[in-house]
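Chemist: Structure supplied as target-v8.txt; contents: compact mmCIF, C-alpha atoms and all ligand atoms.
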```txt
# COMPACT_ATOMS: atom_id res chain seq x y z
CA MET P 1 -81.01 -25.06 -69.00
CA VAL P 2 -82.22 -25.15 -72.60
CA ALA P 3 -80.67 -22.41 -74.72
CA ARG P 4 -83.22 -20.28 -76.57
CA LEU P 5 -83.29 -21.35 -80.22
CA PRO P 6 -82.47 -18.82 -82.91
CA GLY P 7 -85.47 -17.40 -84.78
CA ILE P 8 -85.82 -17.43 -88.56
CA ALA P 9 -84.08 -14.08 -89.09
CA ASP P 10 -81.16 -14.90 -86.77
CA ALA P 11 -80.61 -18.28 -88.36
CA LEU P 12 -80.75 -16.79 -91.86
CA ALA P 13 -78.18 -14.15 -90.85
CA LEU P 14 -75.89 -16.94 -89.62
CA VAL P 15 -76.23 -18.67 -93.01
CA LEU P 16 -75.66 -15.57 -95.11
CA ALA P 17 -72.59 -14.65 -93.06
CA ARG P 18 -70.97 -17.84 -94.37
CA VAL P 19 -71.75 -17.23 -98.05
CA ARG P 20 -69.04 -16.00 -100.43
CA PRO P 21 -70.26 -15.23 -103.96
CA LEU P 22 -68.90 -17.56 -106.63
CA LEU P 23 -66.67 -16.44 -109.49
CA PRO P 24 -68.05 -14.86 -112.69
CA GLU P 25 -68.14 -16.39 -116.16
CA ASP P 26 -69.30 -15.14 -119.55
CA VAL P 27 -72.74 -16.39 -120.49
CA SER P 28 -74.41 -16.21 -123.88
CA LEU P 29 -77.58 -14.16 -123.72
CA ALA P 30 -79.55 -17.13 -125.05
CA GLY P 31 -78.83 -19.06 -121.85
CA ALA P 32 -78.85 -16.22 -119.35
CA THR P 33 -82.45 -16.17 -118.09
CA GLY P 34 -82.43 -16.61 -114.31
CA ARG P 35 -78.69 -15.97 -114.07
CA VAL P 36 -77.33 -13.23 -111.81
CA LEU P 37 -75.16 -10.46 -113.30
CA ALA P 38 -71.67 -10.28 -111.84
CA ALA P 39 -71.06 -6.86 -113.40
CA ASP P 40 -73.22 -4.01 -114.65
CA ALA P 41 -74.50 -4.65 -118.18
CA ARG P 42 -74.41 -1.53 -120.37
CA ALA P 43 -75.82 -0.63 -123.77
CA ALA P 44 -73.43 -1.17 -126.70
CA VAL P 45 -75.38 1.22 -128.96
CA ASP P 46 -77.84 4.09 -128.73
CA LEU P 47 -81.39 2.77 -128.89
CA PRO P 48 -82.96 3.51 -131.26
CA PRO P 49 -79.62 3.78 -133.10
CA PHE P 50 -81.06 6.49 -135.41
CA ASP P 51 -84.12 8.75 -135.60
CA SER P 52 -86.86 6.47 -136.88
CA SER P 53 -90.52 6.50 -137.77
CA ALA P 54 -93.10 5.38 -135.19
CA MET P 55 -95.75 4.90 -137.90
CA ASP P 56 -96.40 3.85 -141.45
CA GLY P 57 -97.01 7.11 -143.33
CA PHE P 58 -95.15 9.99 -144.93
CA ALA P 59 -92.03 11.77 -143.70
CA VAL P 60 -92.47 15.54 -144.05
CA ARG P 61 -91.38 18.94 -142.77
CA ALA P 62 -94.01 19.81 -140.18
CA ARG P 63 -94.17 23.39 -141.43
CA ASP P 64 -95.32 22.12 -144.86
CA THR P 65 -98.43 20.55 -143.28
CA PRO P 66 -101.33 20.39 -143.77
CA GLY P 67 -100.98 20.52 -147.52
CA ARG P 68 -100.46 18.81 -150.89
CA LEU P 69 -96.91 17.41 -151.21
CA GLN P 70 -94.82 15.81 -153.92
CA LEU P 71 -93.99 12.16 -153.24
CA VAL P 72 -90.30 11.74 -154.09
CA ASP P 73 -89.01 8.49 -152.52
CA HIS P 74 -89.70 5.48 -150.26
CA ALA P 75 -88.00 4.54 -146.97
CA ALA P 76 -88.58 1.08 -145.45
CA ALA P 77 -87.16 -0.55 -142.29
CA GLY P 78 -83.57 -1.42 -143.13
CA ARG P 79 -83.76 0.48 -146.47
CA PRO P 80 -83.23 4.22 -145.97
CA ALA P 81 -84.39 6.73 -148.61
CA ALA P 82 -81.84 7.51 -151.34
CA ARG P 83 -82.13 11.27 -150.98
CA ALA P 84 -82.90 14.02 -148.51
CA LEU P 85 -86.32 15.70 -148.24
CA GLU P 86 -86.78 19.23 -149.50
CA GLY P 87 -89.52 21.82 -149.11
CA GLY P 88 -92.95 20.72 -150.37
CA GLU P 89 -91.93 17.06 -150.54
CA ALA P 90 -92.99 13.86 -148.82
CA ILE P 91 -91.19 10.49 -148.56
CA ALA P 92 -93.31 7.38 -147.95
CA ILE P 93 -92.00 5.68 -144.82
CA SER P 94 -92.65 2.50 -142.81
CA THR P 95 -92.41 1.95 -139.06
CA GLY P 96 -88.78 1.66 -137.95
CA ALA P 97 -87.32 3.25 -141.10
CA VAL P 98 -84.71 6.03 -140.83
CA ILE P 99 -86.30 9.49 -140.91
CA PRO P 100 -84.79 11.04 -144.05
CA ALA P 101 -82.53 14.07 -143.68
CA GLY P 102 -84.63 17.22 -143.93
CA ALA P 103 -87.80 15.59 -142.50
CA ASP P 104 -88.87 16.32 -138.92
CA ALA P 105 -92.21 14.50 -138.56
CA VAL P 106 -94.29 11.66 -139.95
CA VAL P 107 -97.94 11.96 -141.02
CA PRO P 108 -99.64 8.60 -140.35
CA VAL P 109 -101.10 7.01 -143.47
CA GLU P 110 -104.60 7.27 -141.94
CA ARG P 111 -104.31 11.06 -142.11
CA THR P 112 -103.33 11.18 -145.79
CA GLU P 113 -104.95 10.75 -149.16
CA ARG P 114 -103.31 10.08 -152.53
CA ALA P 115 -104.21 12.91 -154.90
CA GLY P 116 -103.22 11.27 -158.19
CA GLY P 117 -99.80 11.05 -159.81
CA ASP P 118 -97.06 11.62 -157.26
CA LEU P 119 -99.14 13.96 -155.14
CA VAL P 120 -100.36 13.28 -151.64
CA ASP P 121 -102.62 15.35 -149.36
CA VAL P 122 -101.43 15.19 -145.74
CA GLY P 123 -102.99 16.34 -142.49
CA GLY P 124 -101.19 18.64 -140.06
CA VAL P 125 -98.40 17.41 -137.75
CA THR P 126 -96.09 19.13 -135.31
CA THR P 127 -92.29 18.90 -135.29
CA GLY P 128 -91.17 15.58 -133.86
CA GLU P 129 -94.58 13.94 -134.17
CA ASN P 130 -94.29 10.16 -134.79
CA ARG P 131 -90.51 10.41 -134.70
CA ARG P 132 -88.57 8.10 -132.36
CA SER P 133 -85.41 9.94 -131.39
CA ARG P 134 -82.01 8.29 -131.52
CA GLY P 135 -81.06 7.28 -127.94
CA GLY P 136 -84.59 7.95 -126.67
CA ASP P 137 -84.68 4.54 -124.94
CA THR P 138 -81.03 4.37 -123.87
CA ARG P 139 -77.64 5.81 -124.75
CA THR P 140 -74.43 3.87 -125.45
CA GLY P 141 -72.83 3.00 -122.12
CA ASP P 142 -75.95 3.50 -120.03
CA LEU P 143 -76.92 0.86 -117.48
CA VAL P 144 -79.34 -1.78 -118.78
CA ALA P 145 -79.20 -4.10 -115.73
CA ALA P 146 -77.09 -3.73 -112.60
CA ALA P 147 -74.68 -6.23 -111.04
CA GLY P 148 -76.70 -8.45 -108.72
CA ALA P 149 -79.83 -8.42 -110.90
CA ARG P 150 -81.36 -11.81 -111.63
CA LEU P 151 -82.08 -11.67 -115.34
CA ARG P 152 -85.75 -11.84 -116.30
CA PRO P 153 -87.08 -12.07 -119.87
CA PRO P 154 -87.41 -8.27 -120.31
CA HIS P 155 -83.72 -7.86 -119.34
CA ILE P 156 -82.77 -10.44 -121.97
CA GLY P 157 -84.73 -8.57 -124.63
CA ALA P 158 -83.24 -5.24 -123.60
CA LEU P 159 -79.66 -6.53 -123.65
CA ALA P 160 -80.10 -8.05 -127.10
CA ALA P 161 -81.68 -4.82 -128.39
CA THR P 162 -78.67 -2.84 -127.19
CA GLY P 163 -76.25 -5.17 -128.96
CA VAL P 164 -74.92 -7.19 -125.99
CA PRO P 165 -74.32 -10.87 -126.93
CA LEU P 166 -72.57 -12.01 -123.69
CA VAL P 167 -73.04 -11.08 -120.07
CA SER P 168 -70.81 -11.69 -117.06
CA CYS P 169 -72.77 -13.83 -114.59
CA THR P 170 -71.81 -15.49 -111.35
CA ARG P 171 -71.23 -19.21 -111.77
CA ARG P 172 -74.25 -21.35 -110.89
CA PRO P 173 -73.84 -23.05 -107.50
CA ARG P 174 -73.33 -26.82 -107.72
CA VAL P 175 -75.55 -28.47 -105.17
CA ALA P 176 -75.52 -32.11 -104.11
CA VAL P 177 -78.67 -33.60 -102.60
CA LEU P 178 -78.56 -36.66 -100.35
CA ALA P 179 -81.60 -38.39 -98.89
CA THR P 180 -81.06 -40.56 -95.80
CA GLY P 181 -83.42 -43.23 -94.50
CA THR P 182 -83.54 -47.03 -94.59
CA GLU P 183 -87.27 -46.82 -95.37
CA LEU P 184 -86.90 -44.95 -98.67
CA ARG P 185 -87.69 -46.43 -102.08
CA ALA P 186 -87.64 -44.71 -105.45
CA PRO P 187 -91.05 -43.89 -106.98
CA GLY P 188 -91.95 -46.72 -109.35
CA GLU P 189 -90.41 -49.48 -107.25
CA PRO P 190 -92.69 -51.75 -105.21
CA LEU P 191 -92.97 -50.77 -101.53
CA GLY P 192 -92.00 -53.34 -98.92
CA ALA P 193 -93.24 -53.42 -95.32
CA GLY P 194 -92.62 -50.08 -93.61
CA GLU P 195 -91.26 -48.41 -96.72
CA ILE P 196 -92.27 -45.09 -98.28
CA TYR P 197 -91.42 -43.31 -101.49
CA GLU P 198 -88.42 -41.03 -101.42
CA SER P 199 -89.78 -37.63 -102.41
CA ASN P 200 -87.43 -35.05 -100.92
CA THR P 201 -84.71 -35.25 -103.55
CA PHE P 202 -87.36 -34.60 -106.22
CA LEU P 203 -88.82 -31.69 -104.26
CA LEU P 204 -85.41 -30.19 -103.51
CA ARG P 205 -84.17 -30.59 -107.07
CA ALA P 206 -87.19 -28.66 -108.31
CA GLN P 207 -86.67 -25.92 -105.72
CA LEU P 208 -82.93 -25.73 -106.41
CA GLU P 209 -83.36 -25.47 -110.16
CA SER P 210 -85.84 -22.63 -109.72
CA ALA P 211 -83.17 -20.84 -107.66
CA GLY P 212 -80.52 -21.21 -110.39
CA ALA P 213 -78.50 -24.12 -108.98
CA GLU P 214 -76.91 -27.03 -110.85
CA VAL P 215 -78.13 -30.14 -109.07
CA VAL P 216 -76.53 -33.54 -108.50
CA VAL P 217 -78.77 -36.02 -106.71
CA LEU P 218 -76.71 -38.66 -104.87
CA THR P 219 -77.93 -42.21 -104.32
CA PRO P 220 -80.00 -42.22 -101.11
CA VAL P 221 -78.36 -43.90 -98.12
CA ALA P 222 -79.75 -46.16 -95.42
CA ASP P 223 -79.41 -45.17 -91.78
CA ASP P 224 -75.95 -46.66 -91.51
CA GLU P 225 -73.03 -44.73 -90.13
CA LEU P 226 -70.38 -45.91 -92.57
CA ALA P 227 -72.57 -45.45 -95.67
CA THR P 228 -73.71 -42.04 -94.45
CA GLY P 229 -70.12 -40.87 -93.96
CA VAL P 230 -69.08 -42.05 -97.43
CA ALA P 231 -72.06 -40.37 -99.09
CA LEU P 232 -71.56 -37.11 -97.19
CA GLU P 233 -67.94 -37.04 -98.22
CA ALA P 234 -68.96 -37.35 -101.89
CA GLY P 235 -71.40 -34.49 -101.40
CA LEU P 236 -68.65 -32.22 -100.09
CA ALA P 237 -67.31 -31.87 -103.64
CA ALA P 238 -70.24 -29.50 -104.28
CA ASP P 239 -70.57 -25.85 -103.25
CA VAL P 240 -73.64 -26.77 -101.19
CA LEU P 241 -74.78 -30.11 -99.80
CA LEU P 242 -78.41 -30.64 -98.84
CA THR P 243 -79.24 -33.68 -96.79
CA SER P 244 -82.73 -34.81 -95.91
CA GLY P 245 -83.61 -36.75 -92.79
CA GLY P 246 -81.48 -37.94 -89.93
CA VAL P 247 -81.08 -34.66 -88.05
CA SER P 248 -83.52 -35.31 -85.19
CA VAL P 249 -82.78 -36.84 -81.81
CA GLY P 250 -83.38 -40.52 -82.67
CA GLU P 251 -80.60 -43.09 -82.49
CA HIS P 252 -80.81 -43.51 -86.29
CA ASP P 253 -80.25 -39.80 -86.87
CA LEU P 254 -76.66 -39.96 -88.04
CA VAL P 255 -76.13 -36.96 -90.28
CA ARG P 256 -74.84 -34.48 -87.70
CA ARG P 257 -72.50 -36.96 -86.08
CA SER P 258 -71.10 -38.15 -89.42
CA LEU P 259 -70.58 -34.61 -90.60
CA ALA P 260 -68.75 -33.68 -87.40
CA GLY P 261 -66.55 -36.73 -88.04
CA LEU P 262 -65.63 -35.26 -91.43
CA GLY P 263 -64.53 -32.02 -89.81
CA GLY P 264 -67.78 -30.09 -90.16
CA GLU P 265 -68.29 -26.96 -88.07
CA GLU P 266 -71.92 -26.86 -86.95
CA VAL P 267 -73.16 -23.26 -87.06
CA PHE P 268 -76.61 -24.07 -85.69
CA TRP P 269 -78.91 -26.99 -85.06
CA ARG P 270 -82.61 -26.34 -84.55
CA VAL P 271 -84.46 -23.11 -85.25
CA ALA P 272 -87.60 -21.78 -83.54
CA VAL P 273 -89.76 -22.52 -86.56
CA ARG P 274 -92.62 -24.86 -87.30
CA PRO P 275 -92.42 -26.96 -89.35
CA GLY P 276 -88.70 -27.63 -89.70
CA LYS P 277 -87.29 -27.12 -86.21
CA PRO P 278 -84.49 -29.76 -86.40
CA ILE P 279 -82.73 -28.09 -89.34
CA ALA P 280 -78.93 -28.11 -89.03
CA PHE P 281 -76.44 -25.84 -90.78
CA SER P 282 -72.72 -26.57 -90.96
CA VAL P 283 -69.70 -25.59 -92.97
CA CYS P 284 -67.47 -28.52 -93.88
CA ARG P 285 -64.31 -28.15 -96.01
CA GLY P 286 -65.71 -24.97 -97.53
CA THR P 287 -69.05 -26.55 -98.44
CA LEU P 288 -72.27 -25.16 -96.96
CA VAL P 289 -74.21 -28.11 -95.57
CA PHE P 290 -77.91 -27.89 -94.76
CA GLY P 291 -79.31 -30.80 -92.82
CA LEU P 292 -83.00 -30.62 -93.65
CA PRO P 293 -85.51 -32.65 -91.64
CA GLY P 294 -86.98 -35.65 -93.45
CA ASN P 295 -90.62 -34.69 -93.25
CA PRO P 296 -91.35 -33.36 -96.71
CA VAL P 297 -93.14 -30.19 -95.63
CA SER P 298 -90.31 -29.43 -93.21
CA ALA P 299 -87.82 -29.81 -96.05
CA LEU P 300 -89.93 -27.60 -98.31
CA VAL P 301 -90.25 -24.83 -95.72
CA GLY P 302 -86.62 -25.07 -94.57
CA PHE P 303 -85.52 -24.69 -98.16
CA GLU P 304 -87.59 -21.55 -98.72
CA LEU P 305 -86.46 -19.91 -95.47
CA PHE P 306 -82.74 -20.69 -95.54
CA VAL P 307 -81.52 -22.53 -98.62
CA ARG P 308 -83.05 -20.44 -101.42
CA PRO P 309 -81.59 -17.21 -99.96
CA ALA P 310 -78.18 -18.90 -99.67
CA ILE P 311 -78.31 -20.14 -103.28
CA LEU P 312 -79.19 -16.64 -104.47
CA ALA P 313 -76.49 -15.05 -102.29
CA LEU P 314 -73.89 -17.46 -103.71
CA GLN P 315 -74.83 -16.07 -107.12
CA GLY P 316 -74.32 -12.53 -105.82
CA ALA P 317 -78.00 -11.62 -106.11
CA THR P 318 -78.97 -8.26 -104.64
CA GLU P 319 -82.37 -9.61 -103.59
CA THR P 320 -82.04 -12.88 -101.74
CA GLY P 321 -85.40 -12.90 -99.95
CA PRO P 322 -87.41 -14.48 -98.54
CA ALA P 323 -89.68 -11.76 -99.93
CA TYR P 324 -92.83 -11.69 -97.82
CA LEU P 325 -95.98 -9.99 -99.11
CA PRO P 326 -98.94 -8.66 -97.15
CA GLY P 327 -102.33 -10.35 -97.10
CA ARG P 328 -105.40 -10.85 -94.92
CA LEU P 329 -106.48 -13.99 -93.15
CA ALA P 330 -109.72 -15.58 -94.38
CA SER P 331 -110.06 -17.41 -91.06
CA GLY P 332 -108.65 -16.85 -87.59
CA LEU P 333 -105.40 -18.52 -86.48
CA ARG P 334 -103.50 -18.71 -83.23
CA ALA P 335 -99.74 -18.12 -83.19
CA GLY P 336 -97.60 -20.34 -80.97
CA ASP P 337 -95.49 -18.98 -78.13
CA GLU P 338 -92.30 -20.91 -78.82
CA ARG P 339 -91.91 -20.99 -82.56
CA ASP P 340 -92.69 -18.94 -85.65
CA GLU P 341 -95.07 -20.93 -87.78
CA LEU P 342 -95.49 -21.16 -91.54
CA VAL P 343 -99.04 -22.13 -92.40
CA ARG P 344 -99.85 -23.54 -95.82
CA ALA P 345 -102.57 -21.44 -97.42
CA ARG P 346 -104.30 -20.62 -100.67
CA ALA P 347 -103.82 -16.99 -101.69
CA ARG P 348 -106.45 -15.37 -103.88
CA VAL P 349 -107.17 -11.79 -104.84
CA GLU P 350 -110.43 -10.31 -103.62
CA ALA P 351 -111.35 -6.63 -103.97
CA ALA P 352 -107.71 -5.80 -104.82
CA GLU P 353 -106.41 -7.53 -101.69
CA VAL P 354 -104.76 -10.88 -101.16
CA VAL P 355 -106.93 -13.12 -99.01
CA LEU P 356 -105.23 -16.13 -97.43
CA GLU P 357 -107.26 -19.27 -96.82
CA PRO P 358 -105.38 -21.63 -94.45
CA LEU P 359 -105.63 -25.24 -95.66
CA SER P 360 -106.61 -28.23 -93.61
CA GLY P 361 -103.86 -30.77 -92.99
CA GLN P 362 -100.97 -28.76 -91.56
CA GLU P 363 -98.87 -31.68 -90.35
CA SER P 364 -95.31 -31.83 -91.61
CA HIS P 365 -95.68 -35.16 -93.42
CA MET P 366 -98.67 -33.93 -95.46
CA ILE P 367 -96.94 -33.00 -98.70
CA VAL P 368 -100.04 -33.59 -100.81
CA ARG P 369 -102.01 -31.11 -98.72
CA ALA P 370 -99.08 -28.69 -99.01
CA ALA P 371 -99.14 -29.09 -102.80
CA ALA P 372 -102.54 -27.37 -102.83
CA ALA P 373 -100.98 -24.29 -101.20
CA ASN P 374 -99.48 -21.34 -103.05
CA ALA P 375 -98.58 -19.41 -99.90
CA LEU P 376 -96.79 -19.88 -96.60
CA VAL P 377 -98.37 -17.58 -94.02
CA LEU P 378 -95.98 -16.43 -91.29
CA LEU P 379 -97.41 -16.49 -87.76
CA PRO P 380 -94.78 -14.80 -85.60
CA ARG P 381 -94.26 -16.50 -82.24
CA GLY P 382 -96.04 -14.75 -79.39
CA ALA P 383 -98.48 -12.94 -81.71
CA GLY P 384 -101.44 -14.65 -79.97
CA GLU P 385 -104.87 -14.76 -81.62
CA LEU P 386 -104.99 -13.51 -85.19
CA PRO P 387 -108.66 -12.89 -86.07
CA VAL P 388 -110.34 -13.13 -89.46
CA GLY P 389 -109.16 -10.19 -91.57
CA ALA P 390 -105.89 -9.76 -89.65
CA THR P 391 -103.05 -8.49 -91.84
CA VAL P 392 -100.24 -11.04 -92.03
CA ARG P 393 -97.19 -11.63 -94.20
CA TYR P 394 -96.85 -14.57 -96.54
CA LEU P 395 -94.32 -16.13 -98.87
CA PRO P 396 -95.60 -17.10 -102.33
CA ILE P 397 -94.57 -20.67 -103.21
P1 LIG P 401 -86.28 -38.08 -90.20
O1 LIG P 401 -86.03 -36.60 -90.29
O2 LIG P 401 -85.20 -38.89 -90.82
O3 LIG P 401 -86.57 -38.47 -88.79
O4 LIG P 401 -87.58 -38.36 -91.05
C1 LIG P 401 -88.81 -37.79 -90.67
C2 LIG P 401 -89.93 -38.35 -91.51
O5 LIG P 401 -89.71 -38.01 -92.86
C3 LIG P 401 -90.02 -39.86 -91.48
O6 LIG P 401 -91.39 -40.21 -91.50
C4 LIG P 401 -89.33 -40.28 -92.74
O7 LIG P 401 -89.78 -41.52 -93.23
C5 LIG P 401 -89.70 -39.16 -93.69
N1 LIG P 401 -88.68 -38.99 -94.70
C6 LIG P 401 -87.36 -38.92 -94.51
N2 LIG P 401 -86.69 -38.73 -95.65
C7 LIG P 401 -87.64 -38.69 -96.62
C8 LIG P 401 -87.57 -38.51 -98.03
N3 LIG P 401 -86.41 -38.35 -98.66
N4 LIG P 401 -88.73 -38.52 -98.72
C9 LIG P 401 -89.89 -38.67 -98.07
N5 LIG P 401 -90.02 -38.81 -96.75
C10 LIG P 401 -88.90 -38.84 -96.02
MG MG P 402 -84.76 -40.83 -91.00
```
Could you render the structure from this file as structure tokens?

Modeler:
Amino acid sequence: MVARLPGIADALALVLARVRPLLPEDVSLAGATGRVLAADARAAVDLPPFDSSAMDGFAVRARDTPGRLQLVDHAAAGRPAARALEGGEAIAISTGAVIPAGADAVVPVERTERAGGDLVDVGGVTTGENRRSRGGDTRTGDLVAAAGARLRPPHIGALAATGVPLVSCTRRPRVAVLATGTELRAPGEPLGAGEIYESNTFLLRAQLESAGAEVVVLTPVADDELATGVALEAGLAADVLLTSGGVSVGEHDLVRRSLAGLGGEEVFWRVAVRPGKPIAFSVCRGTLVFGLPGNPVSALVGFELFVRPAILALQGATETGPAYLPGRLASGLRAGDERDELVRARARVEAAEVVLEPLSGQESHMIVRAAAANALVLLPRGAGELPVGATVRYLPI
């Protein structure tokens, strides 16, 4: 009897059930892009902090307009007028300057004409026109970004504008990456007989950094039991350990056995997904350990389905994904019966819809073909024939 393998969603739930968010730390706003807020971030001031002009022009009382007014002062950004405005008067004002006391509107310079001396003819305005009200964007204490938000550039700008120099963010997960395989050589070294370039640690580092992790790449190990055990043990100092290779059924596949020897609890091994079926997930001495298959496309897909969500969950992110989007197939595909499949495709927008063009070269060693893809199209197992134009879900990559 072969037990039915967990599907993608079941396996992901098993992973997320083992994640405990890391502790918070204060982070300077300048280094906070991509970090996840551990607590709500609130405005330290009203924004704007005072009633200000939305235009270059003349501050007036709306009821005095249209008309000829006496120019009595100047207000610039950062340099308020020295006196209040009275009836029949105008104060020249620049964008962002404080609206003088007594004024209730600004006539844009385009709707004015100097009439000689200190006189200016202004067009008509209504009360409040071209005035930015104090607190119109946000009030002191209001929420700017909620706990669990992953900070994007607009959040950073908003927090700075509201006077917040530091934010409380969850610590970045420390992730160790270990490649296994006697055949692996570093790019740049000459290749001997039967050797290939080690690419997975480079791929995984790039993926991890985009998810907010701090990465330590360990020296790759040969398929040797002792060396594998020593390297795994070093990796257990991290919050998460990613291994590549050595989780299949061959006699040189040593990762699972070595990890069990170190006290690892295997949560699952193998998922009904293609590529990437032999993925293993364990918890060992508090470290989450993902045993990714060695084929580069399997590692890439396994990371997007299981590791990226775990890295985001460790940071306390509200949205951990994977966030699938809808699109239409540009050519027909057939779903398998046993496994969900992720097909590498090119997504493009056509008539306001995303059209997904499956790429040739779908084998799990074909990382160069996969590099031409910007989408992983999900073919749910048992879905049968999916004709041209069928609506499917895809993951942007
Ligand atoms: P394995 O999962 O160890 O059986 O490896 C499956 C395939 O992936 C084999 O062809 C390996 O040579 C290849 N492979 C394993 N690790 C890496 C790596 N770090 N970089 C590139 N290819 C790898
Ligand atoms: Mg191997």

Chemist: Just to confirm, what's the straight-line distance from atom O4 of ligand LIG 401 (chain P) to CA of Ser298 in chain P in Å (one decimal)?

Modeler: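 The value is 9.6 Å.
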
Chemist: Can you tell me which residues sit at most 9 Å away from ligand LIG 401 (chain P), counting only C-alpha atoms and all ligand atoms, written as a PyMOL selection string?

Modeler: chain P and resi 178-185+195-203+220+223+243-250+252-253+278+292-299+364-365

Chemist: Sort by chain and increasing residue number a table of all residues of range 64-158 of chain P within 8 Å of range 33-49 of chain P, each with its closest pair of atoms and their distance in Å to one decimal, counting all atoms listed in the file, and write it as a Markdown table.

Modeler:
```
| residue | atom | partner | partner_atom | distance |
| --- | --- | --- | --- | --- |
| P:Arg132 | CA | P:Pro48 | CA | 7.3 |
| P:Ser133 | CA | P:Pro48 | CA | 6.9 |
| P:Arg134 | CA | P:Pro48 | CA | 4.9 |
| P:Gly135 | CA | P:Asp46 | CA | 4.6 |
| P:Gly136 | CA | P:Leu47 | CA | 6.5 |
| P:Asp137 | CA | P:Leu47 | CA | 5.4 |
| P:Thr138 | CA | P:Leu47 | CA | 5.3 |
| P:Arg139 | CA | P:Asp46 | CA | 4.3 |
| P:Thr140 | CA | P:Val45 | CA | 4.5 |
| P:Gly141 | CA | P:Ala43 | CA | 5.0 |
| P:Asp142 | CA | P:Arg42 | CA | 5.3 |
| P:Leu143 | CA | P:Arg42 | CA | 4.5 |
| P:Val144 | CA | P:Arg42 | CA | 5.2 |
| P:Ala145 | CA | P:Ala41 | CA | 5.3 |
| P:Ala146 | CA | P:Asp40 | CA | 4.4 |
| P:Ala147 | CA | P:Ala39 | CA | 4.4 |
| P:Gly148 | CA | P:Leu37 | CA | 5.2 |
| P:Ala149 | CA | P:Val36 | CA | 5.5 |
| P:Arg150 | CA | P:Val36 | CA | 4.3 |
| P:Leu151 | CA | P:Gly34 | CA | 5.1 |
| P:Arg152 | CA | P:Thr33 | CA | 5.7 |
| P:Pro153 | CA | P:Thr33 | CA | 6.4 |
| P:Ile156 | CA | P:Thr33 | CA | 6.9 |
```

Chemist: Pick from P:Val106, P:Leu342, P:Val27, P:Ala11: nearest to Phe58 in chain P, with all atoms listed in the file counted?

Modeler: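 Under the stated criterion, the closest residue is P:Val106.
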
Chemist: Which one is closest to ligand MG 402 (chain P): P:Val377, P:Leu254, P:Glu338, P:Ala30? Count only C-alpha atoms and all ligand atoms.

Modeler: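 Distance minimum relative to ligand MG 402 (chain P) lands on P:Leu254.
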
Chemist: For N, CA and C atoms, please extract range 267-279 of chain P from the block and return it as a PDB file, in the first residue's frame.

Modeler:
```
ATOM      1  N   VAL P 267       8.479  15.817   9.025  1.00  0.00           N
ATOM      2  CA  VAL P 267       7.046  16.139   8.998  1.00  0.00           C
ATOM      3  C   VAL P 267       6.417  15.577   7.725  1.00  0.00           C
ATOM      4  N   PHE P 268       7.101  15.730   6.596  1.00  0.00           N
ATOM      5  CA  PHE P 268       6.681  15.005   5.388  1.00  0.00           C
ATOM      6  C   PHE P 268       7.864  14.791   4.464  1.00  0.00           C
ATOM      7  N   TRP P 269       7.734  13.795   3.626  1.00  0.00           N
ATOM      8  CA  TRP P 269       8.691  13.558   2.546  1.00  0.00           C
ATOM      9  C   TRP P 269       7.866  13.216   1.313  1.00  0.00           C
ATOM     10  N   ARG P 270       8.020  13.952   0.297  1.00  0.00           N
ATOM     11  CA  ARG P 270       7.333  13.822  -0.980  1.00  0.00           C
ATOM     12  C   ARG P 270       5.953  14.486  -0.946  1.00  0.00           C
ATOM     13  N   VAL P 271       5.699  15.254  -1.976  1.00  0.00           N
ATOM     14  CA  VAL P 271       4.446  15.980  -2.139  1.00  0.00           C
ATOM     15  C   VAL P 271       3.955  15.691  -3.558  1.00  0.00           C
ATOM     16  N   ALA P 272       2.642  15.652  -3.733  1.00  0.00           N
ATOM     17  CA  ALA P 272       2.065  15.354  -5.057  1.00  0.00           C
ATOM     18  C   ALA P 272       2.174  16.582  -5.958  1.00  0.00           C
ATOM     19  N   VAL P 273       3.404  16.892  -6.326  1.00  0.00           N
ATOM     20  CA  VAL P 273       3.644  18.071  -7.153  1.00  0.00           C
ATOM     21  C   VAL P 273       4.726  17.737  -8.165  1.00  0.00           C
ATOM     22  N   ARG P 274       4.640  18.393  -9.319  1.00  0.00           N
ATOM     23  CA  ARG P 274       5.622  18.181 -10.368  1.00  0.00           C
ATOM     24  C   ARG P 274       5.973  19.512 -10.976  1.00  0.00           C
ATOM     25  N   PRO P 275       7.227  19.920 -10.993  1.00  0.00           N
ATOM     26  CA  PRO P 275       8.382  19.182 -10.458  1.00  0.00           C
ATOM     27  C   PRO P 275       8.490  19.346  -8.952  1.00  0.00           C
ATOM     28  N   GLY P 276       9.364  18.543  -8.342  1.00  0.00           N
ATOM     29  CA  GLY P 276       9.694  18.765  -6.928  1.00  0.00           C
ATOM     30  C   GLY P 276       9.141  17.744  -5.971  1.00  0.00           C
ATOM     31  N   LYS P 277       8.651  16.625  -6.497  1.00  0.00           N
ATOM     32  CA  LYS P 277       8.011  15.620  -5.636  1.00  0.00           C
ATOM     33  C   LYS P 277       8.837  15.179  -4.425  1.00  0.00           C
ATOM     34  N   PRO P 278      10.166  14.960  -4.536  1.00  0.00           N
ATOM     35  CA  PRO P 278      10.881  14.385  -3.377  1.00  0.00           C
ATOM     36  C   PRO P 278      11.167  15.364  -2.246  1.00  0.00           C
ATOM     37  N   ILE P 279      10.553  16.521  -2.224  1.00  0.00           N
ATOM     38  CA  ILE P 279      10.867  17.498  -1.177  1.00  0.00           C
ATOM     39  C   ILE P 279      10.585  16.913   0.211  1.00  0.00           C
TER      40      ILE P 279
END
```
